[in-house]
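Structure file target-v4.txt (compact mmCIF, N, CA and C atoms) follows.
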```txt
# COMPACT_ATOMS: atom_id res chain seq x y z
N MET A 1210 -40.72 -35.63 -55.85
CA MET A 1210 -39.76 -34.86 -56.62
C MET A 1210 -40.41 -34.41 -57.92
N GLU A 1211 -40.38 -33.14 -58.13
CA GLU A 1211 -40.96 -32.62 -59.36
C GLU A 1211 -40.05 -32.93 -60.54
N ASN A 1212 -40.66 -33.36 -61.63
CA ASN A 1212 -39.93 -33.66 -62.87
C ASN A 1212 -38.80 -34.66 -62.67
N TYR A 1213 -38.96 -35.61 -61.77
CA TYR A 1213 -37.92 -36.59 -61.49
C TYR A 1213 -37.53 -37.36 -62.74
N TYR A 1214 -38.53 -37.88 -63.43
CA TYR A 1214 -38.27 -38.69 -64.62
C TYR A 1214 -37.64 -37.85 -65.73
N LEU A 1215 -38.13 -36.63 -65.89
CA LEU A 1215 -37.59 -35.73 -66.90
C LEU A 1215 -36.13 -35.40 -66.59
N SER A 1216 -35.83 -35.11 -65.35
CA SER A 1216 -34.45 -34.79 -64.96
C SER A 1216 -33.51 -35.96 -65.21
N ARG A 1217 -33.93 -37.15 -64.81
CA ARG A 1217 -33.07 -38.33 -65.02
C ARG A 1217 -32.90 -38.63 -66.49
N GLY A 1218 -33.99 -38.53 -67.24
CA GLY A 1218 -33.92 -38.80 -68.67
C GLY A 1218 -33.05 -37.80 -69.41
N LEU A 1219 -33.21 -36.52 -69.08
CA LEU A 1219 -32.40 -35.49 -69.73
C LEU A 1219 -30.93 -35.61 -69.32
N ALA A 1220 -30.67 -35.94 -68.08
CA ALA A 1220 -29.28 -36.13 -67.64
C ALA A 1220 -28.63 -37.27 -68.43
N PHE A 1221 -29.38 -38.35 -68.62
CA PHE A 1221 -28.90 -39.48 -69.41
C PHE A 1221 -28.61 -39.04 -70.84
N MET A 1222 -29.52 -38.25 -71.42
CA MET A 1222 -29.35 -37.79 -72.80
C MET A 1222 -28.14 -36.85 -72.92
N ILE A 1223 -27.93 -35.99 -71.94
CA ILE A 1223 -26.76 -35.09 -71.97
C ILE A 1223 -25.47 -35.92 -71.92
N ASP A 1224 -25.43 -36.89 -71.03
CA ASP A 1224 -24.24 -37.75 -70.94
C ASP A 1224 -24.02 -38.52 -72.25
N LEU A 1225 -25.10 -39.04 -72.80
CA LEU A 1225 -25.03 -39.77 -74.06
C LEU A 1225 -24.54 -38.85 -75.18
N PHE A 1226 -25.03 -37.62 -75.21
CA PHE A 1226 -24.62 -36.65 -76.23
C PHE A 1226 -23.13 -36.35 -76.11
N ILE A 1227 -22.65 -36.11 -74.91
CA ILE A 1227 -21.23 -35.78 -74.70
C ILE A 1227 -20.34 -36.93 -75.16
N ILE A 1228 -20.67 -38.14 -74.74
CA ILE A 1228 -19.86 -39.29 -75.12
C ILE A 1228 -19.99 -39.57 -76.61
N GLY A 1229 -21.20 -39.39 -77.15
CA GLY A 1229 -21.40 -39.56 -78.59
C GLY A 1229 -20.62 -38.54 -79.40
N LEU A 1230 -20.58 -37.31 -78.93
CA LEU A 1230 -19.82 -36.26 -79.60
C LEU A 1230 -18.33 -36.61 -79.63
N ILE A 1231 -17.83 -37.10 -78.52
CA ILE A 1231 -16.43 -37.53 -78.47
C ILE A 1231 -16.19 -38.64 -79.48
N ALA A 1232 -17.11 -39.61 -79.54
CA ALA A 1232 -16.97 -40.72 -80.48
C ALA A 1232 -17.00 -40.24 -81.93
N VAL A 1233 -17.90 -39.30 -82.24
CA VAL A 1233 -17.99 -38.77 -83.60
C VAL A 1233 -16.71 -38.02 -83.97
N LEU A 1234 -16.22 -37.20 -83.06
CA LEU A 1234 -14.99 -36.45 -83.34
C LEU A 1234 -13.81 -37.39 -83.56
N ILE A 1235 -13.73 -38.44 -82.77
CA ILE A 1235 -12.67 -39.43 -82.96
C ILE A 1235 -12.86 -40.15 -84.30
N GLY A 1236 -14.12 -40.33 -84.70
CA GLY A 1236 -14.42 -41.00 -85.96
C GLY A 1236 -13.88 -40.29 -87.18
N PHE A 1237 -13.62 -39.01 -87.07
CA PHE A 1237 -13.06 -38.26 -88.19
C PHE A 1237 -11.55 -38.44 -88.33
N LEU A 1238 -10.93 -39.03 -87.33
CA LEU A 1238 -9.49 -39.25 -87.39
C LEU A 1238 -9.18 -40.46 -88.26
N PRO A 1239 -8.09 -40.40 -89.02
CA PRO A 1239 -7.71 -41.57 -89.83
C PRO A 1239 -7.10 -42.64 -88.91
N ILE A 1240 -7.85 -43.68 -88.64
CA ILE A 1240 -7.38 -44.72 -87.72
C ILE A 1240 -7.51 -46.09 -88.35
N THR A 1241 -6.73 -47.02 -87.87
CA THR A 1241 -6.76 -48.39 -88.37
C THR A 1241 -7.87 -49.17 -87.68
N LYS A 1242 -8.16 -50.34 -88.21
CA LYS A 1242 -9.20 -51.20 -87.64
C LYS A 1242 -8.85 -51.60 -86.20
N GLU A 1243 -7.60 -51.90 -85.95
CA GLU A 1243 -7.18 -52.30 -84.61
C GLU A 1243 -7.36 -51.14 -83.62
N LEU A 1244 -6.97 -49.94 -84.04
CA LEU A 1244 -7.12 -48.77 -83.19
C LEU A 1244 -8.60 -48.44 -82.99
N ASP A 1245 -9.41 -48.71 -84.01
CA ASP A 1245 -10.85 -48.48 -83.91
C ASP A 1245 -11.45 -49.32 -82.78
N ASN A 1246 -11.04 -50.57 -82.67
CA ASN A 1246 -11.53 -51.44 -81.59
C ASN A 1246 -11.08 -50.93 -80.23
N ILE A 1247 -9.85 -50.48 -80.14
CA ILE A 1247 -9.33 -49.95 -78.87
C ILE A 1247 -10.12 -48.71 -78.46
N ILE A 1248 -10.38 -47.83 -79.42
CA ILE A 1248 -11.14 -46.61 -79.13
C ILE A 1248 -12.55 -46.95 -78.67
N PHE A 1249 -13.18 -47.97 -79.27
CA PHE A 1249 -14.51 -48.40 -78.84
C PHE A 1249 -14.49 -48.77 -77.36
N TYR A 1250 -13.50 -49.53 -76.95
CA TYR A 1250 -13.43 -49.96 -75.55
C TYR A 1250 -13.10 -48.79 -74.62
N ILE A 1251 -12.31 -47.86 -75.09
CA ILE A 1251 -12.02 -46.66 -74.28
C ILE A 1251 -13.30 -45.87 -74.05
N ILE A 1252 -14.11 -45.71 -75.10
CA ILE A 1252 -15.38 -44.98 -74.96
C ILE A 1252 -16.33 -45.72 -74.03
N LEU A 1253 -16.34 -47.04 -74.11
CA LEU A 1253 -17.17 -47.84 -73.20
C LEU A 1253 -16.72 -47.65 -71.75
N VAL A 1254 -15.43 -47.62 -71.51
CA VAL A 1254 -14.91 -47.39 -70.16
C VAL A 1254 -15.29 -45.99 -69.68
N VAL A 1255 -15.19 -44.99 -70.57
CA VAL A 1255 -15.59 -43.63 -70.21
C VAL A 1255 -17.06 -43.63 -69.78
N TRP A 1256 -17.90 -44.37 -70.51
CA TRP A 1256 -19.33 -44.44 -70.16
C TRP A 1256 -19.51 -45.02 -68.75
N PHE A 1257 -18.77 -46.09 -68.44
CA PHE A 1257 -18.90 -46.70 -67.13
C PHE A 1257 -18.43 -45.78 -66.01
N PHE A 1258 -17.44 -44.94 -66.29
CA PHE A 1258 -16.85 -44.07 -65.28
C PHE A 1258 -17.47 -42.67 -65.26
N LYS A 1259 -18.52 -42.43 -66.03
CA LYS A 1259 -19.11 -41.09 -66.14
C LYS A 1259 -19.65 -40.56 -64.82
N ASP A 1260 -20.04 -41.41 -63.91
CA ASP A 1260 -20.63 -40.96 -62.65
C ASP A 1260 -19.62 -40.59 -61.58
N ILE A 1261 -18.33 -40.68 -61.89
CA ILE A 1261 -17.33 -40.25 -60.90
C ILE A 1261 -16.58 -39.01 -61.39
N VAL A 1262 -17.16 -38.31 -62.35
CA VAL A 1262 -16.57 -37.05 -62.83
C VAL A 1262 -16.46 -36.06 -61.68
N ASN A 1263 -17.49 -36.00 -60.86
CA ASN A 1263 -17.45 -35.21 -59.63
C ASN A 1263 -18.18 -35.99 -58.55
N LYS A 1264 -18.21 -35.48 -57.35
CA LYS A 1264 -18.78 -36.25 -56.23
C LYS A 1264 -20.28 -36.49 -56.36
N ASP A 1265 -20.97 -35.69 -57.17
CA ASP A 1265 -22.42 -35.83 -57.30
C ASP A 1265 -22.86 -36.65 -58.50
N GLY A 1266 -21.94 -37.10 -59.32
CA GLY A 1266 -22.31 -37.91 -60.46
C GLY A 1266 -21.83 -37.34 -61.77
N SER A 1267 -22.56 -37.63 -62.82
CA SER A 1267 -22.14 -37.27 -64.18
C SER A 1267 -22.34 -35.79 -64.48
N ILE A 1268 -21.84 -35.37 -65.63
CA ILE A 1268 -22.01 -33.99 -66.08
C ILE A 1268 -23.49 -33.69 -66.27
N GLY A 1269 -24.23 -34.62 -66.86
CA GLY A 1269 -25.67 -34.43 -67.07
C GLY A 1269 -26.42 -34.25 -65.76
N LYS A 1270 -26.10 -35.06 -64.78
CA LYS A 1270 -26.75 -34.93 -63.47
C LYS A 1270 -26.42 -33.57 -62.85
N ASN A 1271 -25.18 -33.16 -62.97
CA ASN A 1271 -24.74 -31.88 -62.41
C ASN A 1271 -25.49 -30.72 -63.07
N ILE A 1272 -25.62 -30.74 -64.38
CA ILE A 1272 -26.31 -29.68 -65.11
C ILE A 1272 -27.77 -29.58 -64.67
N LEU A 1273 -28.41 -30.73 -64.45
CA LEU A 1273 -29.84 -30.75 -64.13
C LEU A 1273 -30.15 -30.70 -62.64
N GLY A 1274 -29.13 -30.54 -61.81
CA GLY A 1274 -29.37 -30.35 -60.39
C GLY A 1274 -29.80 -31.60 -59.64
N ILE A 1275 -29.35 -32.77 -60.13
CA ILE A 1275 -29.60 -34.01 -59.40
C ILE A 1275 -28.25 -34.62 -59.07
N LYS A 1276 -28.25 -35.52 -58.08
CA LYS A 1276 -26.97 -36.12 -57.70
C LYS A 1276 -27.14 -37.59 -57.40
N LEU A 1277 -26.05 -38.31 -57.57
CA LEU A 1277 -26.00 -39.73 -57.30
C LEU A 1277 -25.46 -39.94 -55.90
N LYS A 1278 -26.18 -40.71 -55.10
CA LYS A 1278 -25.80 -40.97 -53.71
C LYS A 1278 -25.75 -42.48 -53.48
N CYS A 1279 -25.06 -42.87 -52.42
CA CYS A 1279 -25.02 -44.27 -52.01
C CYS A 1279 -25.84 -44.44 -50.74
N ASN A 1280 -26.50 -45.59 -50.64
CA ASN A 1280 -27.31 -45.87 -49.45
C ASN A 1280 -26.46 -45.82 -48.19
N ASN A 1281 -25.22 -46.28 -48.29
CA ASN A 1281 -24.31 -46.27 -47.14
C ASN A 1281 -23.20 -45.25 -47.40
N PRO A 1282 -23.37 -44.01 -46.95
CA PRO A 1282 -22.37 -42.98 -47.24
C PRO A 1282 -21.02 -43.21 -46.56
N ASN A 1283 -20.95 -44.15 -45.63
CA ASN A 1283 -19.69 -44.46 -44.95
C ASN A 1283 -18.93 -45.59 -45.62
N SER A 1284 -19.48 -46.13 -46.69
CA SER A 1284 -18.85 -47.25 -47.39
C SER A 1284 -17.52 -46.83 -48.01
N ARG A 1285 -16.57 -47.74 -47.99
CA ARG A 1285 -15.28 -47.49 -48.65
C ARG A 1285 -15.40 -47.68 -50.15
N PHE A 1286 -16.54 -48.20 -50.61
CA PHE A 1286 -16.69 -48.58 -52.00
C PHE A 1286 -17.62 -47.66 -52.78
N ILE A 1287 -17.80 -46.43 -52.34
CA ILE A 1287 -18.73 -45.52 -53.00
C ILE A 1287 -18.37 -45.35 -54.47
N MET A 1288 -17.12 -45.07 -54.77
CA MET A 1288 -16.70 -44.87 -56.17
C MET A 1288 -16.89 -46.15 -56.98
N VAL A 1289 -16.56 -47.29 -56.39
CA VAL A 1289 -16.72 -48.56 -57.09
C VAL A 1289 -18.19 -48.80 -57.41
N ASN A 1290 -19.07 -48.55 -56.44
CA ASN A 1290 -20.51 -48.74 -56.66
C ASN A 1290 -21.02 -47.82 -57.76
N LYS A 1291 -20.52 -46.57 -57.79
CA LYS A 1291 -20.95 -45.62 -58.82
C LYS A 1291 -20.53 -46.07 -60.21
N VAL A 1292 -19.40 -46.75 -60.31
CA VAL A 1292 -18.94 -47.26 -61.60
C VAL A 1292 -19.71 -48.53 -61.97
N LEU A 1293 -19.80 -49.47 -61.05
CA LEU A 1293 -20.42 -50.76 -61.35
C LEU A 1293 -21.91 -50.64 -61.68
N ARG A 1294 -22.59 -49.64 -61.14
CA ARG A 1294 -24.02 -49.48 -61.43
C ARG A 1294 -24.27 -49.22 -62.91
N ASN A 1295 -23.25 -48.72 -63.62
CA ASN A 1295 -23.42 -48.41 -65.04
C ASN A 1295 -23.30 -49.62 -65.95
N ILE A 1296 -22.82 -50.74 -65.43
CA ILE A 1296 -22.74 -51.95 -66.25
C ILE A 1296 -24.13 -52.35 -66.74
N THR A 1297 -25.13 -52.15 -65.92
CA THR A 1297 -26.49 -52.55 -66.30
C THR A 1297 -27.09 -51.65 -67.37
N LEU A 1298 -26.43 -50.55 -67.72
CA LEU A 1298 -26.93 -49.70 -68.81
C LEU A 1298 -26.85 -50.40 -70.16
N LEU A 1299 -26.14 -51.53 -70.21
CA LEU A 1299 -26.09 -52.30 -71.45
C LEU A 1299 -27.47 -52.85 -71.81
N ILE A 1300 -28.35 -52.92 -70.83
CA ILE A 1300 -29.74 -53.34 -71.08
C ILE A 1300 -30.67 -52.16 -70.77
N TRP A 1301 -30.37 -51.01 -71.38
CA TRP A 1301 -31.05 -49.76 -71.04
C TRP A 1301 -32.56 -49.77 -71.21
N PRO A 1302 -33.16 -50.51 -72.15
CA PRO A 1302 -34.63 -50.48 -72.19
C PRO A 1302 -35.26 -51.01 -70.90
N ILE A 1303 -34.68 -52.06 -70.34
CA ILE A 1303 -35.19 -52.60 -69.08
C ILE A 1303 -34.94 -51.60 -67.95
N GLU A 1304 -33.79 -50.95 -67.98
CA GLU A 1304 -33.46 -49.93 -66.99
C GLU A 1304 -34.49 -48.80 -67.01
N ALA A 1305 -34.87 -48.36 -68.21
CA ALA A 1305 -35.84 -47.26 -68.33
C ALA A 1305 -37.18 -47.65 -67.73
N ILE A 1306 -37.61 -48.87 -67.98
CA ILE A 1306 -38.89 -49.34 -67.42
C ILE A 1306 -38.83 -49.37 -65.89
N LEU A 1307 -37.71 -49.85 -65.35
CA LEU A 1307 -37.58 -49.90 -63.89
C LEU A 1307 -37.56 -48.52 -63.26
N VAL A 1308 -36.93 -47.55 -63.93
CA VAL A 1308 -36.94 -46.18 -63.39
C VAL A 1308 -38.36 -45.65 -63.33
N ILE A 1309 -39.14 -45.94 -64.37
CA ILE A 1309 -40.54 -45.49 -64.39
C ILE A 1309 -41.34 -46.16 -63.26
N LEU A 1310 -41.12 -47.45 -63.06
CA LEU A 1310 -41.89 -48.19 -62.05
C LEU A 1310 -41.41 -47.94 -60.62
N PHE A 1311 -40.10 -47.90 -60.40
CA PHE A 1311 -39.56 -47.89 -59.04
C PHE A 1311 -38.65 -46.70 -58.72
N LYS A 1312 -38.42 -45.81 -59.68
CA LYS A 1312 -37.49 -44.67 -59.54
C LYS A 1312 -36.05 -45.13 -59.30
N LYS A 1313 -35.74 -46.37 -59.63
CA LYS A 1313 -34.39 -46.90 -59.49
C LYS A 1313 -34.09 -47.83 -60.66
N ARG A 1314 -32.82 -47.87 -61.05
CA ARG A 1314 -32.37 -48.80 -62.08
C ARG A 1314 -31.91 -50.10 -61.40
N ILE A 1315 -31.67 -51.12 -62.21
CA ILE A 1315 -31.13 -52.37 -61.67
C ILE A 1315 -29.82 -52.08 -60.94
N GLY A 1316 -28.97 -51.27 -61.57
CA GLY A 1316 -27.69 -50.91 -60.95
C GLY A 1316 -27.86 -50.24 -59.60
N ASP A 1317 -28.92 -49.43 -59.46
CA ASP A 1317 -29.19 -48.78 -58.17
C ASP A 1317 -29.55 -49.81 -57.11
N PHE A 1318 -30.41 -50.77 -57.49
CA PHE A 1318 -30.81 -51.81 -56.54
C PHE A 1318 -29.62 -52.67 -56.13
N VAL A 1319 -28.85 -53.12 -57.11
CA VAL A 1319 -27.75 -54.05 -56.85
C VAL A 1319 -26.60 -53.40 -56.10
N PHE A 1320 -26.27 -52.16 -56.46
CA PHE A 1320 -25.08 -51.52 -55.89
C PHE A 1320 -25.38 -50.44 -54.86
N GLY A 1321 -26.62 -50.36 -54.42
CA GLY A 1321 -26.97 -49.48 -53.30
C GLY A 1321 -26.82 -48.00 -53.59
N THR A 1322 -27.29 -47.57 -54.76
CA THR A 1322 -27.22 -46.15 -55.10
C THR A 1322 -28.61 -45.61 -55.39
N TYR A 1323 -28.75 -44.30 -55.39
CA TYR A 1323 -30.01 -43.66 -55.75
C TYR A 1323 -29.72 -42.25 -56.24
N VAL A 1324 -30.68 -41.68 -56.95
CA VAL A 1324 -30.54 -40.33 -57.47
C VAL A 1324 -31.55 -39.43 -56.76
N GLU A 1325 -31.09 -38.26 -56.34
CA GLU A 1325 -31.99 -37.31 -55.68
C GLU A 1325 -31.69 -35.90 -56.17
N LYS A 1326 -32.62 -35.00 -55.91
CA LYS A 1326 -32.45 -33.60 -56.27
C LYS A 1326 -31.44 -32.96 -55.33
N LYS A 1327 -30.56 -32.11 -55.89
CA LYS A 1327 -29.61 -31.39 -55.05
C LYS A 1327 -30.35 -30.36 -54.22
N GLN A 1328 -29.91 -30.19 -53.00
CA GLN A 1328 -30.47 -29.17 -52.13
C GLN A 1328 -29.82 -27.83 -52.45
N ILE A 1329 -30.63 -26.82 -52.67
CA ILE A 1329 -30.11 -25.50 -52.96
C ILE A 1329 -29.76 -24.83 -51.64
N THR A 1330 -28.52 -24.37 -51.53
CA THR A 1330 -28.07 -23.75 -50.27
C THR A 1330 -27.85 -22.27 -50.43
```
Would you mind writing the file out in structure tokens?
Amino acid sequence: MENYYLSRGLAFMIDLFIIGLIAVLIGFLPITKELDNIIFYIILVVWFFKDIVNKDGSIGKNILGIKLKCNNPNSRFIMVNKVLRNITLLIWPIEAILVILFKKRIGDFVFGTYVEKKQIT
């Protein structure tokens, strides 16, 4: 795959930018400390669910022409796997090293997912 690492990295950065922009915009609102904590958890949940925005994965993946797939396309748990794989992003430096070495993140190994280039039809 040409530019595989660049595509995955840029898709990650686009997703991070979108969620960061939402967080910054919310940060301008006059909110209490309690509401601030709730908003933090909402943004964290949005991050975990970013790969089910459409059937191919996140907005960043869609923009860059890559898609998230499951090893078992007949599984009833495809959406669950796409969400759970993002839990491991909490240790993103290790995830980045694994992508460089194996083209897969810990979440991909554990939850049976992988990223591939979209086929142009």
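Taking atom C of Cys1279 of chain A as the reference point, atom N of Tyr1323 of chain A is found at 5.5 Å.
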Hey, can you check how far atom C of Val1254 of chain A sits from atom N of Asn1212 of chain A?
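Interatomic distance, atom C of Val1254 of chain A to atom N of Asn1212 of chain A: 29.5 Å.
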Hey, can you check how far atom C of Lys1312 of chain A sits from atom C of Phe1258 of chain A?
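Between these atoms lies a distance of 19.7 Å.
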List as a ChimeraX atom specification the protein and nucleic acid residues near Trp1256 of chain A, meaning an atom at most 8 Å away when all atoms listed in the file are counted, but skip any in the same chain fewer than 3 places from it.
/A:1224,1228,1250-1253,1259-1260,1292,1295-1296
Among segment 1219-1271 of chain A, which ones does DSSP assign to alpha helix (DSSP H) (computed from the backbone)? Answer as an MDAnalysis selection string.
chainID A and resid 1219:1236 1242:1257 1268:1271
Contacts of Lys1326 of chain A within 7 Å, only C-alpha atoms, excl. fewer than 3 positions in-chain, as a tab-separated table (two decimals) with N, CA and C atoms, in the coordinates of the input:
```
chain	number	residue	atom	x	y	z
A	1274	GLY	N	-29.13	-30.54	-61.81
A	1274	GLY	CA	-29.37	-30.35	-60.39
A	1274	GLY	C	-29.80	-31.60	-59.64
A	1275	ILE	N	-29.35	-32.77	-60.13
A	1275	ILE	CA	-29.60	-34.01	-59.40
A	1275	ILE	C	-28.25	-34.62	-59.07
A	1276	LYS	N	-28.25	-35.52	-58.08
A	1276	LYS	CA	-26.97	-36.12	-57.70
A	1276	LYS	C	-27.14	-37.59	-57.40
```
Show me, as an NGL selection string, the residues that have an atom within 9 Å of Leu1293 of chain A when counting only C-alpha atoms, minus same-chain residues fewer than 6 positions from it.
:A and (1257-1258 or 1316 or 1320)
At a cut-off of 7 Å, using all atoms listed in the file, what residues contact segment 1213-1220 of chain A? Leave out same-chain residues fewer than 5 positions from it and give the result as a ChimeraX atom specification.
/A:1225,1268-1271,1273
Quick one: pick out all strand (DSSP E or B) residues within chain A from a backbone DSSP run and write them as a PyMOL selection string.
chain A and resi 1263+1266+1275-1279+1322-1326
Can you pull out the residues contacting Thr1297 of chain A? Cut-off 8 Å, using all atoms listed in the file, and skip same-chain residues under 5 positions away; I want them as a PyMOL selection string.
chain A and resi 1292+1302-1304+1314-1317
